[in-house]
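What follows is one structure encoded as structure tokens, with my remarks underneath.
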Amino acid sequence: MRKNIAIDGPAGAGKSTIAKKVAKAVSAIYVDTGAMYRAMALHMIRNGIDPEDAAAISRQCQSADITIEYIDGEQAVILNGENVNAFLRREEVGNMASRSSVNPDVRAKLMELQRQLAARTDVVMDGRDIGTVVLPDARVKIYLTASVEVRAKRRFDELAAKGQPADYNTIFNEIRDRDYRDMHREIAPLKQAEDAVLVDTSDMTIDEVADRILEIYREKTGKA
Ligand code: DC
């Protein structure tokens with residue numbers, strides 16, 4: 001039986017940083033499902049699709065062939081033969097991803113890919129609906145969160161460190177709006193699975209969070 005770990009939570013809670021560390025510690029593959037939704041969003045942006053036009057998103061989704069490869073241990077998302085990793089972290093792409101991911105055809109297509117990956121090997125998969133919908137049988141489920149203020153501050157600091165100008169209030173509002181959309185959509189909304197363990201990272205360091213998750217993993221799997 002697979003020892004998959006599902007990590008769900010809102011944007012900016014630190015899911016990917018933590019999931020990467022945990023995957024390394026338990027020798028599993030890290031799967032970033034947000035990056036798949038972002039690749040689909042990039043496909044929509046490139047084709048000039050209106051985020052409010054559900055029929056156009058459903059149609060355009062058919063022409064997106066998305067696969068995952070691992071290059072030097074890092075996940076690369078391949079969109080119609082092109083490695084699009086370099087484009088995925090832009091705010092514009094994240095905002096479109098939050099909109100286009102409400103579409104049932106987009107979700108069905110990406111969920112299939114996510115389940116195939118998890119069936120093949122042990123994974124640490126992060127996203128919004130992993131513990132609730134994609135991998136309901138995951139051995140370990142974590143709901144990772146932090147206050148909106150802390151998440152906006154982290155994002156602001158991250159951009160500042162890269163020398164990119166940013167406005168804290170704009171980031172705060174974007175995160176709050178994204179939370180609302182992710183939590184209130186009809187299909188697979190962001191919510192804590194009944195059997196998930198809540199970890200609030202607002203006052204924790206990255207190492208503390210990773211240690212806490214590994215502790216939960218050991219409790220659930222009986223691994224020393
Ligand atoms: O985790 P992220 O910021 O890269 O995700 C971008 C968007 O993709 C997010 O706002 C909602 C969507 N998403 C989703 O609907 N389901 C997932 N499993 C992962 C992401």
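Letters A, B, ... go to the chains of the structure tokens in the order shown; residues in each chain start at 1; ligands are counted from 1 in the same order.
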
TODO: Pick out the residues sitting within 10 Å of Val102 in chain A, and hand them over as a ChimeraX atom specification; count only C-alpha atoms, and ignore anything fewer than 4 positions along from it in its own chain.
DONE: /A:54,97-98,106-107,181-182,184-189

Serialized selection, N, CA, C and O atoms, as a compact mmCIF listing (two decimals), in the first residue's frame:
```txt
# COMPACT_ATOMS: atom_id res chain seq x y z
N ALA A 54 -16.75 30.13 -19.45
CA ALA A 54 -16.58 28.71 -19.08
C ALA A 54 -16.53 27.80 -20.30
O ALA A 54 -15.73 26.85 -20.35
N ALA A 97 -5.13 30.95 -12.82
CA ALA A 97 -5.25 29.55 -12.36
C ALA A 97 -6.39 29.42 -11.36
O ALA A 97 -7.17 28.46 -11.39
N SER A 98 -6.50 30.39 -10.47
CA SER A 98 -7.56 30.35 -9.47
C SER A 98 -8.93 30.42 -10.16
O SER A 98 -9.90 29.81 -9.72
N VAL A 106 -11.37 21.16 -16.70
CA VAL A 106 -9.97 21.36 -16.30
C VAL A 106 -9.65 20.45 -15.12
O VAL A 106 -8.64 19.74 -15.11
N ARG A 107 -10.53 20.42 -14.14
CA ARG A 107 -10.28 19.62 -12.93
C ARG A 107 -10.23 18.12 -13.26
O ARG A 107 -9.37 17.40 -12.76
N ARG A 181 -12.16 32.53 -3.48
CA ARG A 181 -12.53 31.77 -4.68
C ARG A 181 -12.24 30.28 -4.49
O ARG A 181 -13.06 29.42 -4.80
N ASP A 182 -11.05 29.98 -3.96
CA ASP A 182 -10.66 28.57 -3.80
C ASP A 182 -11.57 27.84 -2.81
O ASP A 182 -11.82 26.64 -2.95
N HIS A 184 -14.78 28.68 -2.04
CA HIS A 184 -16.22 28.74 -2.32
C HIS A 184 -16.63 28.20 -3.68
O HIS A 184 -17.77 28.33 -4.07
N ARG A 185 -15.68 27.64 -4.43
CA ARG A 185 -16.09 27.12 -5.74
C ARG A 185 -16.92 25.85 -5.55
O ARG A 185 -16.84 25.20 -4.51
N GLU A 186 -17.67 25.54 -6.63
CA GLU A 186 -18.61 24.43 -6.52
C GLU A 186 -17.91 23.07 -6.43
O GLU A 186 -18.25 22.23 -5.62
N ILE A 187 -16.91 22.88 -7.31
CA ILE A 187 -16.25 21.56 -7.35
C ILE A 187 -14.94 21.60 -6.56
O ILE A 187 -14.11 22.48 -6.76
N ALA A 188 -14.76 20.59 -5.73
CA ALA A 188 -13.51 20.40 -4.99
C ALA A 188 -12.97 21.68 -4.35
O ALA A 188 -11.84 22.08 -4.58
N PRO A 189 -13.79 22.37 -3.55
CA PRO A 189 -13.30 23.59 -2.90
C PRO A 189 -12.21 23.26 -1.88
O PRO A 189 -12.13 22.12 -1.41
```

Task: Close residues to ligand 1 using only C-alpha atoms and all ligand atoms, limit 6 Å, as a list in words - done: Ala11, Thr33, Gly34, Ala35, Tyr37, Arg38, Gly94, Ala97, Ser98, Ser101, Gly127, Arg128, Asp129, Ile130, Arg178 and Asp182 of chain A

Open item on the list: So that I can check the surroundings of Val22 in chain A, please list as a ChimeraX atom specification every protein, DNA and RNA residue that reaches within 8 Å of it, counting only C-alpha atoms and ignoring chain neighbours fewer than 3 positions away.
Closed with: /A:18-19,25-26,124,210,213-214

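The smallest atom-to-atom distance between Gln62 in chain A and any of A:Ile206, A:Ala108, A:Val148, A:Ile216, using only C-alpha atoms, is found for A:Ala108.
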
Applying 8 Å and only C-alpha atoms, which residues near Val77 in chain A remain after dropping the ones on its own chain fewer than 6 positions away? List them as a PDB file with all heavy atoms, in the first residue's frame.
```pdb
ATOM      1  N   ALA A  35       1.089  23.792  -9.905  1.00  0.00           N
ATOM      2  CA  ALA A  35       1.841  24.073 -11.129  1.00  0.00           C
ATOM      3  C   ALA A  35       1.101  23.545 -12.361  1.00  0.00           C
ATOM      4  O   ALA A  35       1.171  24.133 -13.441  1.00  0.00           O
ATOM      5  CB  ALA A  35       3.235  23.459 -11.044  1.00  0.00           C
ATOM      6  N   MET A  36       0.358  22.442 -12.180  1.00  0.00           N
ATOM      7  CA  MET A  36      -0.425  21.911 -13.310  1.00  0.00           C
ATOM      8  C   MET A  36      -1.567  22.871 -13.645  1.00  0.00           C
ATOM      9  O   MET A  36      -1.846  23.141 -14.808  1.00  0.00           O
ATOM     10  CB  MET A  36      -0.990  20.537 -12.956  1.00  0.00           C
ATOM     11  CG  MET A  36       0.073  19.499 -12.668  1.00  0.00           C
ATOM     12  SD  MET A  36      -0.736  17.966 -12.158  1.00  0.00           S
ATOM     13  CE  MET A  36       0.681  17.055 -11.586  1.00  0.00           C
ATOM     14  N   ALA A  39      -0.100  25.782 -15.398  1.00  0.00           N
ATOM     15  CA  ALA A  39       0.233  25.515 -16.804  1.00  0.00           C
ATOM     16  C   ALA A  39      -1.030  25.606 -17.654  1.00  0.00           C
ATOM     17  O   ALA A  39      -1.018  26.159 -18.758  1.00  0.00           O
ATOM     18  CB  ALA A  39       0.875  24.135 -16.940  1.00  0.00           C
ATOM     19  N   ILE A  66      -0.753  18.259 -21.003  1.00  0.00           N
ATOM     20  CA  ILE A  66       0.117  18.573 -19.859  1.00  0.00           C
ATOM     21  C   ILE A  66       0.704  17.281 -19.304  1.00  0.00           C
ATOM     22  O   ILE A  66      -0.023  16.321 -19.033  1.00  0.00           O
ATOM     23  CB  ILE A  66      -0.679  19.336 -18.780  1.00  0.00           C
ATOM     24  CG1 ILE A  66      -1.094  20.709 -19.347  1.00  0.00           C
ATOM     25  CG2 ILE A  66       0.134  19.511 -17.494  1.00  0.00           C
ATOM     26  CD1 ILE A  66      -1.949  21.544 -18.445  1.00  0.00           C
ATOM     27  N   THR A  67       2.007  17.251 -19.156  1.00  0.00           N
ATOM     28  CA  THR A  67       2.670  16.101 -18.540  1.00  0.00           C
ATOM     29  C   THR A  67       3.725  16.620 -17.560  1.00  0.00           C
ATOM     30  O   THR A  67       4.038  17.808 -17.542  1.00  0.00           O
ATOM     31  CB  THR A  67       3.369  15.193 -19.585  1.00  0.00           C
ATOM     32  OG1 THR A  67       4.231  16.003 -20.369  1.00  0.00           O
ATOM     33  CG2 THR A  67       2.381  14.480 -20.478  1.00  0.00           C
ATOM     34  N   ILE A  68       4.233  15.686 -16.753  1.00  0.00           N
ATOM     35  CA  ILE A  68       5.212  16.044 -15.737  1.00  0.00           C
ATOM     36  C   ILE A  68       6.490  15.256 -16.003  1.00  0.00           C
ATOM     37  O   ILE A  68       6.432  14.070 -16.303  1.00  0.00           O
ATOM     38  CB  ILE A  68       4.667  15.644 -14.340  1.00  0.00           C
ATOM     39  CG1 ILE A  68       3.404  16.441 -13.997  1.00  0.00           C
ATOM     40  CG2 ILE A  68       5.713  15.774 -13.258  1.00  0.00           C
ATOM     41  CD1 ILE A  68       3.636  17.902 -13.832  1.00  0.00           C
ATOM     42  N   GLU A  69       7.601  15.949 -15.890  1.00  0.00           N
ATOM     43  CA  GLU A  69       8.894  15.251 -15.974  1.00  0.00           C
ATOM     44  C   GLU A  69       9.722  15.675 -14.772  1.00  0.00           C
ATOM     45  O   GLU A  69       9.472  16.726 -14.196  1.00  0.00           O
ATOM     46  CB  GLU A  69       9.649  15.668 -17.249  1.00  0.00           C
ATOM     47  CG  GLU A  69       9.163  14.950 -18.478  1.00  0.00           C
ATOM     48  CD  GLU A  69       9.865  15.425 -19.734  1.00  0.00           C
ATOM     49  OE1 GLU A  69      10.949  16.044 -19.622  1.00  0.00           O
ATOM     50  OE2 GLU A  69       9.305  15.185 -20.809  1.00  0.00           O
ATOM     51  N   ASN A  83       8.698  22.994 -21.860  1.00  0.00           N
ATOM     52  CA  ASN A  83       8.864  23.131 -20.410  1.00  0.00           C
ATOM     53  C   ASN A  83       8.481  24.567 -20.039  1.00  0.00           C
ATOM     54  O   ASN A  83       9.175  25.513 -20.400  1.00  0.00           O
ATOM     55  CB  ASN A  83      10.323  22.842 -20.042  1.00  0.00           C
ATOM     56  CG  ASN A  83      10.594  23.001 -18.552  1.00  0.00           C
ATOM     57  OD1 ASN A  83       9.792  23.587 -17.817  1.00  0.00           O
ATOM     58  ND2 ASN A  83      11.729  22.492 -18.107  1.00  0.00           N
ATOM     59  N   VAL A  84       7.352  24.723 -19.314  1.00  0.00           N
ATOM     60  CA  VAL A  84       6.845  26.073 -19.043  1.00  0.00           C
ATOM     61  C   VAL A  84       7.110  26.547 -17.612  1.00  0.00           C
ATOM     62  O   VAL A  84       6.565  27.565 -17.191  1.00  0.00           O
ATOM     63  CB  VAL A  84       5.320  26.172 -19.350  1.00  0.00           C
ATOM     64  CG1 VAL A  84       5.067  26.108 -20.849  1.00  0.00           C
ATOM     65  CG2 VAL A  84       4.514  25.111 -18.605  1.00  0.00           C
ATOM     66  N   ASN A  85       7.961  25.828 -16.879  1.00  0.00           N
ATOM     67  CA  ASN A  85       8.219  26.191 -15.474  1.00  0.00           C
ATOM     68  C   ASN A  85       8.532  27.678 -15.272  1.00  0.00           C
ATOM     69  O   ASN A  85       8.083  28.278 -14.309  1.00  0.00           O
ATOM     70  CB  ASN A  85       9.399  25.379 -14.925  1.00  0.00           C
ATOM     71  CG  ASN A  85       8.927  24.082 -14.305  1.00  0.00           C
ATOM     72  OD1 ASN A  85       7.847  23.609 -14.631  1.00  0.00           O
ATOM     73  ND2 ASN A  85       9.732  23.503 -13.431  1.00  0.00           N
TER      74      ASN A  85
END
```

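Using only C-alpha atoms, the smallest distance between any of A:Asp53, A:Lys141, A:Leu135, A:Thr121 and Asn103 in chain A comes from A:Asp53.
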
Open item on the list: Considering only alpha helix (DSSP H) as DSSP defines it on the backbone, what residues of range 55-223 of chain A qualify? List them as a ChimeraX atom specification.
Closed with: /A:55-61,91-100,104-120,148-161,168-184,206-221

Sorted per-residue table, range 4-122 of chain A near range 153-175 of chain A, closest atoms and distance, 12 Å, only C-alpha atoms, as a Markdown table:
```
| residue | atom | partner | partner_atom | distance |
| --- | --- | --- | --- | --- |
| A:Pro10 | CA | A:Ile175 | CA | 8.6 |
| A:Ala11 | CA | A:Ile175 | CA | 6.8 |
| A:Gly12 | CA | A:Arg155 | CA | 7.0 |
| A:Ala13 | CA | A:Arg154 | CA | 9.0 |
| A:Gly14 | CA | A:Arg154 | CA | 9.1 |
| A:Arg89 | CA | A:Leu159 | CA | 11.2 |
| A:Arg90 | CA | A:Leu159 | CA | 10.8 |
| A:Glu91 | CA | A:Glu174 | CA | 9.1 |
| A:Glu92 | CA | A:Glu174 | CA | 10.7 |
| A:Gly94 | CA | A:Glu174 | CA | 10.0 |
| A:Asn95 | CA | A:Glu174 | CA | 8.1 |
| A:Met96 | CA | A:Glu174 | CA | 11.8 |
| A:Ser98 | CA | A:Ile175 | CA | 10.6 |
```

If you run DSSP on this backbone, which residues of range 93-205 of chain A come out as strand (DSSP E or B), and could you give them as a PDB file with N, CA, C and O atoms, in the first residue's frame?
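Output below, filename states-v3.pdb:
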```pdb
ATOM      1  N   VAL A 123       4.090   9.519  -3.215  1.00  0.00           N
ATOM      2  CA  VAL A 123       4.191  10.958  -3.505  1.00  0.00           C
ATOM      3  C   VAL A 123       3.879  11.796  -2.276  1.00  0.00           C
ATOM      4  O   VAL A 123       3.151  11.376  -1.380  1.00  0.00           O
ATOM      5  N   VAL A 124       4.450  12.986  -2.263  1.00  0.00           N
ATOM      6  CA  VAL A 124       3.989  14.048  -1.377  1.00  0.00           C
ATOM      7  C   VAL A 124       3.350  15.032  -2.341  1.00  0.00           C
ATOM      8  O   VAL A 124       4.036  15.617  -3.181  1.00  0.00           O
ATOM      9  N   MET A 125       2.020  15.131  -2.297  1.00  0.00           N
ATOM     10  CA  MET A 125       1.304  15.937  -3.291  1.00  0.00           C
ATOM     11  C   MET A 125       0.672  17.130  -2.602  1.00  0.00           C
ATOM     12  O   MET A 125      -0.007  16.963  -1.596  1.00  0.00           O
ATOM     13  N   ASP A 126       0.918  18.324  -3.125  1.00  0.00           N
ATOM     14  CA  ASP A 126       0.279  19.483  -2.504  1.00  0.00           C
ATOM     15  C   ASP A 126      -0.708  20.144  -3.449  1.00  0.00           C
ATOM     16  O   ASP A 126      -0.601  20.024  -4.661  1.00  0.00           O
ATOM     17  N   GLY A 127      -1.738  20.789  -2.837  1.00  0.00           N
ATOM     18  CA  GLY A 127      -2.771  21.436  -3.643  1.00  0.00           C
ATOM     19  C   GLY A 127      -3.887  21.962  -2.763  1.00  0.00           C
ATOM     20  O   GLY A 127      -3.637  22.490  -1.664  1.00  0.00           O
ATOM     21  N   VAL A 140      -1.375   9.973   4.992  1.00  0.00           N
ATOM     22  CA  VAL A 140      -1.173  11.139   5.848  1.00  0.00           C
ATOM     23  C   VAL A 140      -1.775  12.351   5.137  1.00  0.00           C
ATOM     24  O   VAL A 140      -1.522  12.573   3.957  1.00  0.00           O
ATOM     25  N   LYS A 141      -2.612  13.093   5.872  1.00  0.00           N
ATOM     26  CA  LYS A 141      -3.213  14.295   5.298  1.00  0.00           C
ATOM     27  C   LYS A 141      -2.927  15.481   6.213  1.00  0.00           C
ATOM     28  O   LYS A 141      -3.182  15.408   7.422  1.00  0.00           O
ATOM     29  N   ILE A 142      -2.419  16.522   5.605  1.00  0.00           N
ATOM     30  CA  ILE A 142      -2.073  17.727   6.358  1.00  0.00           C
ATOM     31  C   ILE A 142      -2.844  18.905   5.777  1.00  0.00           C
ATOM     32  O   ILE A 142      -2.913  19.053   4.544  1.00  0.00           O
ATOM     33  N   TYR A 143      -3.406  19.738   6.634  1.00  0.00           N
ATOM     34  CA  TYR A 143      -3.993  20.991   6.183  1.00  0.00           C
ATOM     35  C   TYR A 143      -3.099  22.099   6.712  1.00  0.00           C
ATOM     36  O   TYR A 143      -3.035  22.355   7.908  1.00  0.00           O
ATOM     37  N   LEU A 144      -2.359  22.700   5.783  1.00  0.00           N
ATOM     38  CA  LEU A 144      -1.346  23.689   6.156  1.00  0.00           C
ATOM     39  C   LEU A 144      -1.906  25.087   5.940  1.00  0.00           C
ATOM     40  O   LEU A 144      -2.343  25.417   4.832  1.00  0.00           O
ATOM     41  N   THR A 145      -1.863  25.901   6.977  1.00  0.00           N
ATOM     42  CA  THR A 145      -2.408  27.239   6.804  1.00  0.00           C
ATOM     43  C   THR A 145      -1.584  28.271   7.570  1.00  0.00           C
ATOM     44  O   THR A 145      -0.624  27.922   8.276  1.00  0.00           O
ATOM     45  N   VAL A 197      -4.706  16.612   9.536  1.00  0.00           N
ATOM     46  CA  VAL A 197      -4.189  17.277  10.726  1.00  0.00           C
ATOM     47  C   VAL A 197      -3.911  18.731  10.359  1.00  0.00           C
ATOM     48  O   VAL A 197      -3.248  19.014   9.356  1.00  0.00           O
ATOM     49  N   LEU A 198      -4.444  19.655  11.172  1.00  0.00           N
ATOM     50  CA  LEU A 198      -4.254  21.085  10.915  1.00  0.00           C
ATOM     51  C   LEU A 198      -2.891  21.535  11.446  1.00  0.00           C
ATOM     52  O   LEU A 198      -2.546  21.270  12.600  1.00  0.00           O
ATOM     53  N   VAL A 199      -2.118  22.192  10.577  1.00  0.00           N
ATOM     54  CA  VAL A 199      -0.845  22.778  11.025  1.00  0.00           C
ATOM     55  C   VAL A 199      -0.863  24.258  10.641  1.00  0.00           C
ATOM     56  O   VAL A 199      -0.894  24.593   9.459  1.00  0.00           O
ATOM     57  N   ASP A 200      -0.904  25.132  11.642  1.00  0.00           N
ATOM     58  CA  ASP A 200      -0.887  26.571  11.389  1.00  0.00           C
ATOM     59  C   ASP A 200       0.561  27.051  11.463  1.00  0.00           C
ATOM     60  O   ASP A 200       1.191  26.976  12.515  1.00  0.00           O
TER      61      ASP A 200
END
```

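Distances here use only C-alpha atoms; by that measure, the residue among A:Glu149, A:Asp122, A:Asp65, A:Asp137 closest to Lys109 in chain A is A:Asp65.
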
- [ ] Compare A:Ala86, A:Ala146, A:Asn4, A:Met40 by their minimum atom-to-atom distance to Arg115 in chain A, counting only C-alpha atoms, and give me the closest one.
- [x]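 Selected residue with least distance to Arg115 in chain A: A:Asn4.
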
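Nearest-residue note for Ser16 in chain A: choosing from A:Asn47, A:Tyr70, A:Ala56, A:Gln75, the minimum distance belongs to A:Gln75, counting only C-alpha atoms.
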
Set the distance at 9 Å and use only C-alpha atoms: which residues neighbour Lys20 in chain A once local chain neighbours fewer than 3 positions away are removed? I'd like the list as an mmCIF file with N, CA, C and O atoms, in the first residue's frame.
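Contents of the output file result.cif:
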```cif
data_model
loop_
_atom_site.group_PDB
_atom_site.id
_atom_site.type_symbol
_atom_site.label_atom_id
_atom_site.label_comp_id
_atom_site.auth_asym_id
_atom_site.auth_seq_id
_atom_site.Cartn_x
_atom_site.Cartn_y
_atom_site.Cartn_z
ATOM 1 N N LYS A 15 3.247 25.504 1.381
ATOM 2 C CA LYS A 15 3.063 24.098 0.999
ATOM 3 C C LYS A 15 4.226 23.534 0.185
ATOM 4 O O LYS A 15 4.734 22.469 0.486
ATOM 5 N N SER A 16 4.634 24.264 -0.859
ATOM 6 C CA SER A 16 5.643 23.666 -1.753
ATOM 7 C C SER A 16 7.005 23.533 -1.073
ATOM 8 O O SER A 16 7.668 22.503 -1.215
ATOM 9 N N THR A 17 7.404 24.548 -0.316
ATOM 10 C CA THR A 17 8.697 24.471 0.379
ATOM 11 C C THR A 17 8.723 23.281 1.332
ATOM 12 O O THR A 17 9.673 22.491 1.372
ATOM 13 N N ALA A 23 9.239 15.354 1.168
ATOM 14 C CA ALA A 23 9.414 14.319 0.137
ATOM 15 C C ALA A 23 10.837 13.765 0.186
ATOM 16 O O ALA A 23 11.059 12.556 0.090
ATOM 17 N N LYS A 24 11.782 14.650 0.349
ATOM 18 C CA LYS A 24 13.184 14.241 0.420
ATOM 19 C C LYS A 24 13.400 13.312 1.628
ATOM 20 O O LYS A 24 14.032 12.257 1.518
ATOM 21 N N ALA A 25 12.828 13.723 2.765
ATOM 22 C CA ALA A 25 13.022 12.963 4.004
ATOM 23 C C ALA A 25 12.403 11.568 3.953
ATOM 24 O O ALA A 25 12.907 10.646 4.591
ATOM 25 N N ILE A 29 8.291 11.212 -4.201
ATOM 26 C CA ILE A 29 8.354 12.221 -5.261
ATOM 27 C C ILE A 29 7.425 13.375 -4.888
ATOM 28 O O ILE A 29 6.292 13.142 -4.461
ATOM 29 N N TYR A 30 7.900 14.585 -5.054
ATOM 30 C CA TYR A 30 7.067 15.754 -4.777
ATOM 31 C C TYR A 30 6.243 16.099 -6.012
ATOM 32 O O TYR A 30 6.790 16.242 -7.107
ATOM 33 N N VAL A 31 4.931 16.208 -5.829
ATOM 34 C CA VAL A 31 4.065 16.603 -6.950
ATOM 35 C C VAL A 31 3.333 17.900 -6.590
ATOM 36 O O VAL A 31 2.550 17.946 -5.639
ATOM 37 N N VAL A 124 4.450 12.986 -2.263
ATOM 38 C CA VAL A 124 3.989 14.048 -1.377
ATOM 39 C C VAL A 124 3.350 15.032 -2.341
ATOM 40 O O VAL A 124 4.036 15.617 -3.181
#
```

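Rounded to one decimal, CA of Thr132 in chain A and CA of Gln116 in chain A lie 16.8 Å from each other.
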
Task: Point-to-point distance in Å for CA of Ala118 in chain A and CA of Ser27 in chain A - done: 13.7 Å
